[in-house]
Structure formats: structure tokens, C-alpha cells
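J.: Compact mmCIF, C-alpha atoms, file data_9.txt:
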```
# COMPACT_ATOMS: atom_id res chain seq x y z
CA MET A 573 -1.07 -13.85 21.68
CA LYS A 574 0.42 -10.73 23.13
CA ASP A 575 -1.93 -8.07 24.36
CA LEU A 576 -1.57 -4.31 23.94
CA ALA A 577 0.31 -3.82 27.20
CA GLN A 578 2.95 -6.29 26.05
CA PHE A 579 3.29 -4.45 22.74
CA GLU A 580 4.06 -1.22 24.60
CA ASN A 581 6.74 -2.90 26.71
CA SER A 582 8.58 -4.28 23.69
CA GLN A 583 11.94 -2.95 22.55
CA PHE A 584 11.91 0.57 21.15
CA LEU A 585 13.27 1.21 17.69
CA PRO A 586 14.64 4.37 16.09
CA HIS A 587 11.78 6.74 15.31
CA ARG A 588 11.26 7.85 11.74
CA GLY A 589 8.04 9.67 12.46
CA ARG A 590 6.25 12.01 10.05
CA HIS A 591 9.11 14.29 9.18
CA SER A 592 8.21 14.84 5.53
CA SER A 593 8.88 18.30 4.19
CA PHE A 594 5.95 17.97 1.80
CA SER A 595 3.04 18.26 4.24
CA THR A 596 1.71 19.82 7.38
CA THR A 597 2.01 17.42 10.29
CA SER A 598 -1.28 16.38 11.82
CA PRO A 599 -1.62 16.20 15.63
CA ASN A 600 -3.10 12.72 15.12
CA HIS A 601 0.23 11.56 13.73
CA ARG A 602 2.64 13.10 16.23
CA SER A 603 3.97 10.43 18.48
CA LYS A 604 6.70 9.06 20.65
CA PRO A 605 9.14 6.47 19.30
CA PRO A 606 7.19 3.38 18.22
CA SER A 607 7.72 -0.09 19.52
CA ARG A 608 8.12 -3.09 17.26
CA LEU A 609 5.10 -5.37 17.07
CA CYS A 610 6.07 -9.02 17.22
CA PHE A 611 3.15 -11.45 17.23
CA THR A 612 3.67 -15.11 18.03
CA CYS A 613 1.24 -17.14 15.96
CA THR A 614 0.07 -20.28 17.70
CA SER A 615 -3.43 -20.98 16.41
CA ALA A 616 -4.75 -22.30 13.15
CA SER A 617 -6.20 -18.86 12.41
CA ALA A 618 -2.67 -17.46 12.44
CA VAL A 619 -1.67 -19.03 9.13
CA THR A 620 -0.01 -16.30 7.04
CA VAL A 621 0.68 -17.73 3.57
CA GLY A 622 4.11 -18.98 4.57
CA VAL A 623 5.38 -15.62 5.83
CA SER A 624 8.00 -15.90 8.55
CA SER A 625 7.50 -13.85 11.71
CA ASP A 626 11.21 -12.92 11.54
CA THR A 627 10.88 -9.13 11.54
CA THR A 628 14.38 -8.73 10.11
CA LYS A 629 13.10 -9.79 6.69
CA PRO A 630 12.37 -6.70 4.61
CA VAL A 631 9.31 -5.65 2.71
CA VAL A 632 10.37 -5.19 -0.92
CA VAL A 633 8.25 -2.96 -3.14
CA VAL A 634 8.72 -3.00 -6.90
CA GLY A 635 6.65 -0.32 -8.57
CA SER A 636 5.96 3.23 -9.62
CA ALA A 637 7.05 6.62 -8.35
CA ASN A 638 5.22 9.78 -9.45
CA ALA A 639 5.16 13.48 -8.85
CA ASP A 640 1.51 14.12 -7.91
CA ILE A 641 0.23 17.45 -9.20
CA TYR A 642 -2.59 18.26 -6.80
CA VAL A 643 -5.38 20.54 -8.02
CA GLU A 644 -8.03 21.38 -5.44
CA VAL A 645 -11.40 21.88 -7.14
CA ASP A 646 -14.99 22.26 -5.98
CA ARG A 647 -16.02 19.75 -8.64
CA THR A 648 -14.50 18.03 -11.66
CA PRO A 649 -15.04 19.80 -14.99
CA ILE A 650 -17.45 18.44 -17.56
CA GLU A 651 -16.44 17.95 -21.20
CA GLY A 652 -15.40 21.23 -22.83
CA GLU A 653 -15.49 23.18 -19.56
CA THR A 654 -12.73 25.23 -17.92
CA ILE A 655 -12.89 25.79 -14.17
CA SER A 656 -10.65 27.49 -11.63
CA ALA A 657 -8.85 25.58 -8.89
CA ARG A 658 -8.71 26.76 -5.29
CA ASN A 659 -5.12 25.61 -4.84
CA GLY A 660 -2.42 23.49 -6.43
CA GLU A 661 0.89 21.91 -5.42
CA ILE A 662 3.27 19.10 -6.34
CA LEU A 663 3.75 16.21 -3.88
CA ALA A 664 5.63 12.92 -4.09
CA GLY A 665 3.52 9.83 -4.83
CA GLY A 666 3.02 6.84 -7.11
CA LYS A 667 1.54 3.54 -5.89
CA GLY A 668 4.91 1.85 -5.44
CA ALA A 669 6.56 4.77 -3.67
CA ASN A 670 3.47 5.25 -1.52
CA GLN A 671 3.54 1.64 -0.33
CA ALA A 672 7.27 1.73 0.28
CA CYS A 673 6.99 4.88 2.40
CA CYS A 674 4.17 3.30 4.38
CA GLY A 675 6.44 0.35 5.19
CA GLY A 676 9.26 2.69 6.18
CA ARG A 677 7.05 4.85 8.38
CA LEU A 678 5.79 1.74 10.12
CA ASP A 679 9.41 1.05 11.09
CA HIS A 680 9.86 -2.06 9.01
CA LEU A 681 12.93 -2.38 6.82
CA THR A 682 11.64 -1.58 3.33
CA TYR A 683 13.36 -1.52 -0.06
CA PHE A 684 11.98 0.27 -3.11
CA LEU A 685 12.88 -0.88 -6.60
CA GLY A 686 11.76 1.67 -9.16
CA ARG A 687 12.64 4.15 -11.88
CA ILE A 688 12.69 7.95 -11.85
CA GLY A 689 13.86 10.49 -14.42
CA ASP A 690 16.96 12.63 -14.08
CA ASP A 691 14.90 15.70 -13.25
CA ALA A 692 13.50 17.81 -10.41
CA HIS A 693 10.51 15.53 -9.93
CA GLY A 694 12.87 12.59 -9.48
CA LYS A 695 14.73 14.51 -6.77
CA LEU A 696 11.40 15.26 -5.05
CA ILE A 697 10.57 11.55 -4.93
CA GLU A 698 14.07 10.51 -3.87
CA ASP A 699 13.96 12.93 -0.93
CA ALA A 700 10.47 11.79 0.10
CA LEU A 701 11.49 8.12 0.08
CA ARG A 702 14.63 8.82 2.07
CA LEU A 703 12.69 10.85 4.65
CA GLY A 704 10.16 8.02 4.84
CA GLY A 705 12.89 5.64 5.99
CA VAL A 706 12.98 3.65 2.73
CA ARG A 707 16.14 1.99 1.38
CA ILE A 708 16.60 3.55 -2.05
CA ASP A 709 19.89 2.01 -3.20
CA ARG A 710 17.84 0.02 -5.73
CA LEU A 711 16.08 3.15 -7.06
CA ALA A 712 17.48 4.02 -10.51
CA ARG A 713 17.58 7.34 -12.37
CA VAL A 714 17.16 7.12 -16.13
CA VAL A 715 17.86 9.73 -18.79
CA THR A 716 15.64 8.22 -21.46
CA ALA A 717 12.31 9.20 -19.85
CA PRO A 718 11.02 11.84 -17.42
CA THR A 719 9.78 10.98 -13.95
CA GLY A 720 6.19 9.79 -14.04
CA PHE A 721 3.53 12.16 -12.79
CA ALA A 722 -0.15 12.25 -11.99
CA VAL A 723 -2.77 14.98 -12.04
CA VAL A 724 -4.97 14.62 -8.97
CA MET A 725 -8.24 16.58 -8.93
CA LEU A 726 -9.14 16.73 -5.25
CA GLN A 727 -12.67 17.68 -4.18
CA PRO A 728 -13.72 19.16 -0.79
CA ASP A 729 -15.06 15.82 0.49
CA GLY A 730 -11.68 14.17 -0.05
CA GLN A 731 -12.71 12.24 -3.17
CA ASN A 732 -10.48 12.46 -6.21
CA SER A 733 -10.06 11.82 -9.91
CA ILE A 734 -6.57 10.95 -11.18
CA ILE A 735 -4.81 10.93 -14.56
CA ILE A 736 -1.43 9.17 -14.67
CA ILE A 737 1.45 9.73 -17.10
CA GLY A 738 3.81 6.75 -16.85
CA GLY A 739 7.15 8.31 -17.87
CA ALA A 740 10.11 6.42 -16.40
CA ASN A 741 7.74 4.01 -14.64
CA MET A 742 6.73 2.53 -17.98
CA HIS A 743 9.70 3.32 -20.22
CA GLY A 744 12.75 3.35 -17.94
CA TRP A 745 13.17 -0.38 -17.23
CA PRO A 746 15.77 -2.63 -18.88
CA HIS A 747 14.67 -5.68 -20.82
CA ALA A 748 15.69 -7.96 -17.93
CA VAL A 749 15.65 -7.13 -14.22
CA ARG A 750 19.18 -6.69 -12.88
CA GLY A 751 20.78 -9.48 -10.89
CA GLU A 752 21.48 -7.25 -7.88
CA ASP A 753 17.77 -6.38 -7.73
CA LEU A 754 16.80 -10.03 -7.79
CA GLU A 755 19.21 -10.66 -4.90
CA VAL A 756 17.24 -8.17 -2.77
CA LEU A 757 14.00 -9.98 -3.66
CA ALA A 758 15.39 -13.33 -2.55
CA LYS A 759 15.89 -12.03 1.01
CA ALA A 760 12.45 -10.42 1.34
CA GLY A 761 9.70 -11.29 3.77
CA VAL A 762 7.08 -10.20 1.23
CA LEU A 763 7.03 -8.66 -2.25
CA LEU A 764 4.55 -5.88 -3.03
CA LEU A 765 3.59 -5.20 -6.66
CA GLN A 766 1.16 -2.86 -8.44
CA ARG A 767 0.24 -2.25 -12.07
CA GLU A 768 1.84 1.12 -12.82
CA ILE A 769 4.96 -0.49 -14.29
CA PRO A 770 5.18 -2.91 -17.26
CA ASP A 771 3.61 -6.33 -16.73
CA ARG A 772 6.81 -7.95 -17.99
CA ILE A 773 8.74 -6.49 -15.03
CA ASN A 774 6.11 -7.61 -12.55
CA ILE A 775 6.21 -11.10 -14.04
CA GLN A 776 10.01 -11.31 -13.85
CA VAL A 777 10.26 -10.20 -10.23
CA ALA A 778 7.23 -12.25 -9.16
CA LYS A 779 8.71 -15.42 -10.63
CA ALA A 780 12.04 -14.71 -8.94
CA ALA A 781 10.27 -14.15 -5.61
CA LYS A 782 8.23 -17.32 -6.03
CA ASP A 783 11.38 -19.35 -6.72
CA ALA A 784 12.88 -17.92 -3.50
CA GLY A 785 9.78 -18.79 -1.46
CA VAL A 786 8.82 -15.13 -0.97
CA PRO A 787 5.04 -14.46 -0.82
CA ILE A 788 3.67 -11.93 -3.32
CA ILE A 789 0.90 -9.36 -2.91
CA LEU A 790 -0.33 -7.73 -6.11
CA ASP A 791 -2.28 -4.49 -5.79
CA ALA A 792 -4.61 -4.47 -8.80
CA GLY A 793 -4.46 -0.68 -9.19
CA GLY A 794 -2.89 0.77 -12.33
CA VAL A 795 -3.42 -0.08 -15.99
CA GLU A 796 -6.85 -1.32 -16.97
CA ASP A 797 -5.64 -4.21 -19.12
CA PRO A 798 -6.42 -7.74 -17.88
CA ILE A 799 -3.80 -9.18 -15.54
CA PRO A 800 -1.71 -11.74 -17.45
CA ASN A 801 -2.28 -15.31 -16.31
CA GLU A 802 1.49 -15.66 -16.04
CA LEU A 803 1.35 -13.11 -13.20
CA LEU A 804 -1.88 -14.31 -11.59
CA ASN A 805 -0.51 -17.83 -11.35
CA VAL A 806 2.32 -16.80 -8.99
CA VAL A 807 0.51 -14.21 -6.86
CA ASP A 808 -0.33 -15.24 -3.28
CA ILE A 809 -2.74 -12.37 -2.52
CA LEU A 810 -4.50 -10.20 -5.11
CA SER A 811 -5.75 -6.89 -3.71
CA PRO A 812 -8.29 -4.96 -5.81
CA ASN A 813 -10.81 -2.33 -4.77
CA GLU A 814 -14.48 -2.72 -5.75
CA THR A 815 -14.05 -0.99 -9.11
CA GLU A 816 -10.96 -3.01 -10.00
CA LEU A 817 -12.67 -6.23 -8.94
CA GLY A 818 -15.58 -5.45 -11.25
CA ARG A 819 -13.24 -4.65 -14.12
CA LEU A 820 -11.20 -7.84 -13.65
CA THR A 821 -14.25 -10.10 -13.57
CA GLY A 822 -16.81 -8.20 -15.64
CA MET A 823 -19.27 -8.66 -12.77
CA PRO A 824 -21.23 -6.16 -10.63
CA THR A 825 -19.72 -5.31 -7.23
CA GLU A 826 -22.33 -3.06 -5.62
CA THR A 827 -23.31 -5.43 -2.79
CA PHE A 828 -21.26 -7.77 -0.63
CA GLU A 829 -23.00 -10.74 -2.22
CA GLN A 830 -22.00 -9.49 -5.67
CA ILE A 831 -18.45 -8.92 -4.45
CA SER A 832 -18.37 -12.49 -3.09
CA GLN A 833 -19.52 -13.86 -6.44
CA ALA A 834 -16.89 -11.82 -8.29
CA VAL A 835 -14.20 -13.10 -5.94
CA LEU A 836 -15.40 -16.65 -6.54
CA GLN A 837 -14.60 -16.14 -10.21
CA LEU A 838 -11.06 -15.09 -9.26
CA HIS A 839 -10.76 -18.23 -7.15
CA GLU A 840 -11.77 -20.25 -10.20
CA MET A 841 -8.99 -18.46 -12.12
CA GLY A 842 -6.51 -19.79 -9.56
CA VAL A 843 -6.21 -16.85 -7.13
CA LYS A 844 -6.50 -18.40 -3.66
CA LYS A 845 -6.54 -15.22 -1.56
CA VAL A 846 -8.25 -11.95 -2.50
CA LEU A 847 -8.01 -8.86 -0.30
CA VAL A 848 -10.75 -6.43 -1.34
CA LYS A 849 -10.64 -2.77 -0.32
CA LEU A 850 -14.21 -1.53 0.05
CA GLY A 851 -13.70 2.18 0.77
CA SER A 852 -16.16 3.43 3.36
CA LYS A 853 -17.49 -0.13 3.74
CA GLY A 854 -14.18 -1.43 5.07
CA SER A 855 -12.38 -4.44 3.65
CA ALA A 856 -12.66 -8.19 3.29
CA LEU A 857 -10.21 -11.04 2.90
CA PHE A 858 -11.46 -14.01 0.89
CA ILE A 859 -9.54 -17.27 1.21
CA ASP A 860 -10.68 -20.02 -1.15
CA GLY A 861 -12.76 -22.56 0.74
CA GLU A 862 -13.11 -20.43 3.89
CA GLU A 863 -15.56 -17.88 5.22
CA ALA A 864 -14.64 -14.29 4.33
CA LEU A 865 -12.99 -12.16 7.02
CA ARG A 866 -14.63 -8.71 7.12
CA GLN A 867 -13.17 -5.56 8.63
CA ALA A 868 -15.15 -2.36 9.18
CA ILE A 869 -13.45 0.99 8.67
CA ILE A 870 -11.90 2.68 11.67
CA PRO A 871 -13.35 6.19 11.52
CA ALA A 872 -11.08 9.15 10.74
CA SER A 873 -11.42 12.38 12.67
CA GLU A 874 -11.78 14.19 9.31
CA VAL A 875 -11.59 12.98 5.70
CA VAL A 876 -9.26 15.33 3.82
CA ASP A 877 -7.90 13.19 0.99
CA THR A 878 -8.58 9.54 0.18
CA THR A 879 -5.90 9.30 -2.53
CA GLY A 880 -3.36 7.20 -0.62
CA ALA A 881 -5.73 5.19 1.56
CA GLY A 882 -5.68 2.04 -0.57
CA ASP A 883 -1.88 2.03 -0.81
CA THR A 884 -1.57 2.59 2.92
CA PHE A 885 -3.96 -0.26 3.62
CA THR A 886 -2.17 -2.72 1.34
CA ALA A 887 1.30 -1.84 2.61
CA ALA A 888 0.28 -1.92 6.28
CA PHE A 889 -1.33 -5.32 5.70
CA ALA A 890 1.94 -6.53 4.15
CA VAL A 891 4.01 -5.27 7.09
CA ALA A 892 1.67 -6.96 9.57
CA LEU A 893 1.82 -10.19 7.57
CA VAL A 894 5.63 -10.28 7.54
CA GLU A 895 5.67 -9.64 11.29
CA GLY A 896 3.56 -12.73 11.93
CA MET A 897 0.16 -11.26 12.73
CA THR A 898 -2.95 -13.31 12.08
CA MET A 899 -5.11 -12.38 9.12
CA LYS A 900 -7.64 -10.69 11.42
CA GLU A 901 -4.89 -8.65 13.06
CA CYS A 902 -3.49 -7.71 9.66
CA LEU A 903 -6.88 -6.35 8.60
CA GLU A 904 -7.28 -4.30 11.78
CA PHE A 905 -3.74 -2.91 11.61
CA ALA A 906 -4.25 -1.94 7.97
CA ALA A 907 -7.64 -0.33 8.70
CA ALA A 908 -6.11 1.83 11.44
CA ALA A 909 -3.30 2.95 9.13
CA ALA A 910 -5.75 3.82 6.34
CA SER A 911 -7.96 5.84 8.71
CA LEU A 912 -4.98 8.02 9.62
CA CYS A 913 -3.93 8.41 5.99
CA VAL A 914 -7.15 10.11 4.87
CA GLU A 915 -6.71 12.88 7.45
CA ILE A 916 -3.75 14.44 5.57
CA LYS A 917 -3.52 15.78 2.01
CA GLY A 918 -1.14 13.95 -0.28
CA THR A 919 -0.11 10.31 -0.47
CA ILE A 920 3.44 9.96 0.84
CA PRO A 921 2.96 12.90 3.24
CA SER A 922 -0.09 11.18 4.74
CA MET A 923 1.52 7.86 5.67
CA PRO A 924 1.25 7.32 9.46
CA ASP A 925 3.96 6.07 11.81
CA ARG A 926 3.58 2.96 13.95
CA ARG A 927 2.82 4.70 17.22
CA ALA A 928 -0.02 6.64 15.60
CA VAL A 929 -1.46 3.40 14.23
CA MET A 930 -1.30 1.78 17.67
CA GLU A 931 -3.00 4.79 19.25
CA ARG A 932 -5.75 4.68 16.62
CA LEU A 933 -6.27 0.97 17.28
CA ARG A 934 -6.46 1.59 21.00
CA SER A 935 -9.08 4.29 20.60
CA SER A 936 -11.21 2.36 18.11
CA LYS A 937 -13.80 -0.31 18.65
CA SER A 938 -11.40 -2.72 16.96
CA HIS A 939 -8.73 -2.43 19.68
CA PHE A 940 -7.07 -5.85 20.12
CA MET A 941 -10.01 -7.26 22.09
CA ASN A 942 -9.43 -10.73 20.69
CA TYR A 943 -5.63 -10.81 20.91
```
Represent the structure contained in this file as C-alpha cells.

T.:
Amino acid sequence: MKDLAQFENSQFLPHRGRHSSFSTTSPNHRSKPPSRLCFTCTSASAVTVGVSSDTTKPVVVVGSANADIYVEVDRTPIEGETISARNGEILAGGKGANQACCGGRLDHLTYFLGRIGDDAHGKLIEDALRLGGVRIDRLARVVTAPTGFAVVMLQPDGQNSIIIIGGANMHGWPHAVRGEDLEVLAKAGVLLLQREIPDRINIQVAKAAKDAGVPIILDAGGVEDPIPNELLNVVDILSPNETELGRLTGMPTETFEQISQAVLQLHEMGVKKVLVKLGSKGSALFIDGEEALRQAIIPASEVVDTTGAGDTFTAAFAVALVEGMTMKECLEFAAAAASLCVEIKGTIPSMPDRRAVMERLRSSKSHFMNY
């Protein structure tokens, strides 16, 4: 396994950096051009659900794109109450677009397949994706529905409450996924899905990816309805947070033991790998029949906004997986990316570049000591 010094001597790639026009750049995210990470997996612990370490294979994200209407409040209002906000602005977001931009900022070829309206919010998202280094030739504008948007009530401690209006994400898709979109899926190194688009679309693209031998990660965030068995049966990794895990299983998830029992129920439903995001308690990867891999958080210098942390974590994990990292390395890489994300307001604006992630890993207690 290569060590950190070898990573830094690898071939440099074009730098996309954090050049979004929708946020203030954080000093923690300014960096020199990043180097490509290429891990050579040689041990049994390096098994990565059939993902090739060929870094030319793209990450393909099929999902939602929203205009996030940020409202900064001291607290959320109670029923019947009107309160004043300290500030408000509109930023590009949506779970699918967030994850795609994370892949692009980490300098991995990333395609985004989604729907936006033919409106100003759609232009905002299109520009943000392009600046994030994402291939958007499979992003479609529709005239039958407006761009989706979300109202994000952001509190001083970085916690948030969110209301989502689906718009084109839910109502802009054709009955059947287009053939040219399926062709992109067939060449992917990994497919990333979420639940802010219709289940029927997720099922179609997941089946196509499965037939092509492409591993599938499903982020459980989005609609609260149960995940159809038709989708669960083809997913390689299901990634909920604690709340979503509890909702999917109907079980408590307050302690790690309770989380383990809830995951066991998912295993019994046929899901072999479950990647649980635990917020301030870190993360854990459960593989059926094996001991759970736990990852502590990598502390942020300041928590400004936690909105995009889960999307950053999932997408960074996917990038690491496609590039041939071991599961432990994937968890550490994702934790470092998430710790940088929470230091910036907004979702797409907060996605870190690869060099920043490497610097955060180096400065953390989780720095490649076992690589």
C-alpha cells in the first residue's frame, strides 16, 4: 500500500479547486493542484464490492438538483409563530447535484444525470455543476416543471431543518430512461443514487447498472416512503443516517448496539453492505457476516453548516471506492471530506478539493498510519 509520500509524488492533474461563485472561499480549502490517489489493493481487507481500481471509470450520479433557499435563524419557529431571519440567500444544491460536485471537486471524472426547469434556478445549478468540474451533457432542462428547491433553516450551531419541493426532480422525467443515459451508466465505475427523484427512475437505472456489472450506492435520504424491494435487491451499499435507518427498520437507533440491531434487519432484507452516517459520532460500515468498521469524525476547525456533510461523505466514499482504496481508507477519506464541508455555508459551495482532503487527513489522528 502506498504511503502519503508516494501519494504526493504521483502525477498531477488539472486543478478544479473551489472556484464556485456562490460562496466565500475558506482558507482551509485553498490548495495547490491535487494529485491523483491510486491505491493498489493487495490484501483481503481491500475487497471493494467488485469496483475496479481503474481511475478512468467515472462516477455517475443520477439524482436531484435544487435551488437551496437559505434562511439563517436563531431558532426554528413553533407552530403559528412568525420570526425574523438574520440573513437569506439562494445557493445551488440538491442531494444528487451535491454528490456530483463532490466527485468533480475531488478530481474524479463525474457525470450528473438529472432534471432542472427552464428557469433562473436551473441556470444557477447548471453553472454550479460546471464550475464543480461535473460533466453535465446528460443534465436535461424541462419546460413542464420548475427547478426543484429547498428551504433550509440554518441555526447558529450549523444544524438545520429542510423542506423540499420536488419540481422537475419528481415531475420532469420521461416514462423510460433514455438510451444515451443508460450508455453512460454502462461505463461507470460506480453509480450513486438518492431518493429525491421517483423510485421508478432509480429502479430503471439501478437495474441497468447491475446488468453492466456497475456497483450501486443508494443514499437513503429523500422521500420517507419505504424503499421498494425491487431497488433494495440490486443495491450493493445502502447508506442511511441514524434517523433514516430508524425509519427504514422501525427500530431505535440511539446507541451503537441499537444501530447494529437495525442494520441486522437490513441484512435480513438482503442488503449486504450498510454504510451508516452517524453525525458527530462518525460513521460505520456493516458488511454482513463481518465485524463493523467504525470511523470517528475528523474534527472541523469550525462547524458552520452541516447541510451537505452527508452528501459529501457518501460521494467521497464512492470516489475512494472506484479508485481502489480499502474500505477503511474509504471511510477515512470520506470523513476528512465531510469535516471540511461543514466549515462552509451551503452544500455545493462547501465541497472540498482533493488537496484539502489530503491535508486534513495528514493533520488528523487518522492520517494513513496503517497504509

J.: I need the residue nearest Gln731 in chain A from this list: A:Asp771, A:Asp877, A:Asp753, A:Glu653. Use only C-alpha atoms for the distance.

T.: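 Distance minimum relative to Gln731 in chain A lands on A:Asp877.
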
J.: Tell me which protein, DNA and RNA residues are within 6 Å of range 910-925 of chain A, counting only C-alpha atoms, leaving out same-chain ones fewer than 4 positions away, and put them as a list of chain:residue names.

T.: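 Close residues of range 910-925 of chain A: A:Gly589, A:Ser595, A:Gly665, A:Asn670, A:Cys674, A:Arg677, A:Leu678, A:Ile870, A:Ala872, A:Glu874, A:Val875, A:Val876, A:Asp877, A:Thr878, A:Gly880, A:Ala881, A:Thr884, A:Phe885.
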
J.: Excluding Ala664 in chain A and residues on its chain fewer than 5 positions from it, collect all residues at most 7 Å away from it, counting only C-alpha atoms, and give them as a PyMOL selection string.

T.: chain A and resi 638-640+696-697+700+920

J.: One decimal, in Å: what's the spacing between CA of Val786 in chain A and CA of Glu863 in chain A?

T.: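 Between CA of Val786 in chain A and CA of Glu863 in chain A the gap works out to 25.3 Å.
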
J.: Near Arg750 in chain A, within 10 Å and counting only C-alpha atoms, which residues show up once chain neighbours fewer than 5 positions away are dropped, as a ChimeraX atom specification?

T.: /A:710,745,755,777

J.: For Leu726 in chain A, which residue out of A:Lys759, A:Arg687, A:Arg866, A:Arg647 is the nearest one, using all atoms listed in the file?

T.: A:Arg647

J.: Which distance in Å separates CA of Pro630 in chain A and CA of Ala669 in chain A, to one decimal?

T.: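 Those two atoms sit 15.3 Å apart.
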
J.: Extract, using only C-alpha atoms, all DNA, RNA and protein residues at most 7 Å from range 788-801 of chain A, discarding same-chain residues fewer than 6 positions from it, and format them as a ChimeraX atom specification.

T.: /A:762-768,778,807-812,816,820

J.: Measuring atom to atom with all atoms listed in the file, identify which of A:Asn732, A:Thr719, A:Gln830, A:Asn774 is nearest to Gly744 in chain A.

T.: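 Once distances to Gly744 in chain A are computed over all atoms listed in the file, the minimum belongs to A:Thr719.
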
J.: How far is it from CA of Met725 in chain A to CA of Asp690 in chain A, in Å with one decimal?

T.: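 For CA of Met725 in chain A relative to CA of Asp690 in chain A, the distance reads 26.0 Å.
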
J.: Smallest atom-to-atom distance to Ala887 in chain A: which of A:Ile708, A:Thr825, A:Met930, A:Ala906, using only C-alpha atoms?

T.: A:Ala906

J.: When you count only C-alpha atoms, which of these residues is closest to Gln867 in chain A: A:Ala637, A:Leu903, A:Ile688, A:Met897?

T.: A:Leu903

J.: Show which residues sit within 6 Å of Gly761 in chain A, as an mmCIF file with C-alpha atoms, in the coordinates of the input. Count all atoms listed in the file, and ignore same-chain residues fewer than 3 positions away.

T.:
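Saved to out.cif:
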```
data_model
loop_
_atom_site.group_PDB
_atom_site.id
_atom_site.type_symbol
_atom_site.label_atom_id
_atom_site.label_comp_id
_atom_site.auth_asym_id
_atom_site.auth_seq_id
_atom_site.Cartn_x
_atom_site.Cartn_y
_atom_site.Cartn_z
ATOM 1 C CA LYS A 629 13.100 -9.790 6.690
ATOM 2 C CA PRO A 630 12.370 -6.700 4.610
ATOM 3 C CA VAL A 631 9.310 -5.650 2.710
ATOM 4 C CA VAL A 894 5.630 -10.280 7.540
#
```

J.: Can you tell me, as AutoDock Vina command-line options, the centre and edge lengths (Å, one decimal) of the axis-aligned box enclosing all of range 804-823 of chain A's listed atoms after padding each side by 8 Å?

T.:
```
--center_x -8.5 --center_y -9.4 --center_z -9.1 --size_x 37.6 --size_y 32.8 --size_z 29.1
```

J.: Considering all atoms listed in the file, can you say which of A:Arg702, A:Arg927, A:Arg772, A:Arg819 comes closest to Glu802 in chain A?

T.: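 Of A:Arg702, A:Arg927, A:Arg772, A:Arg819, the one nearest Glu802 in chain A, counting all atoms listed in the file, is A:Arg772.
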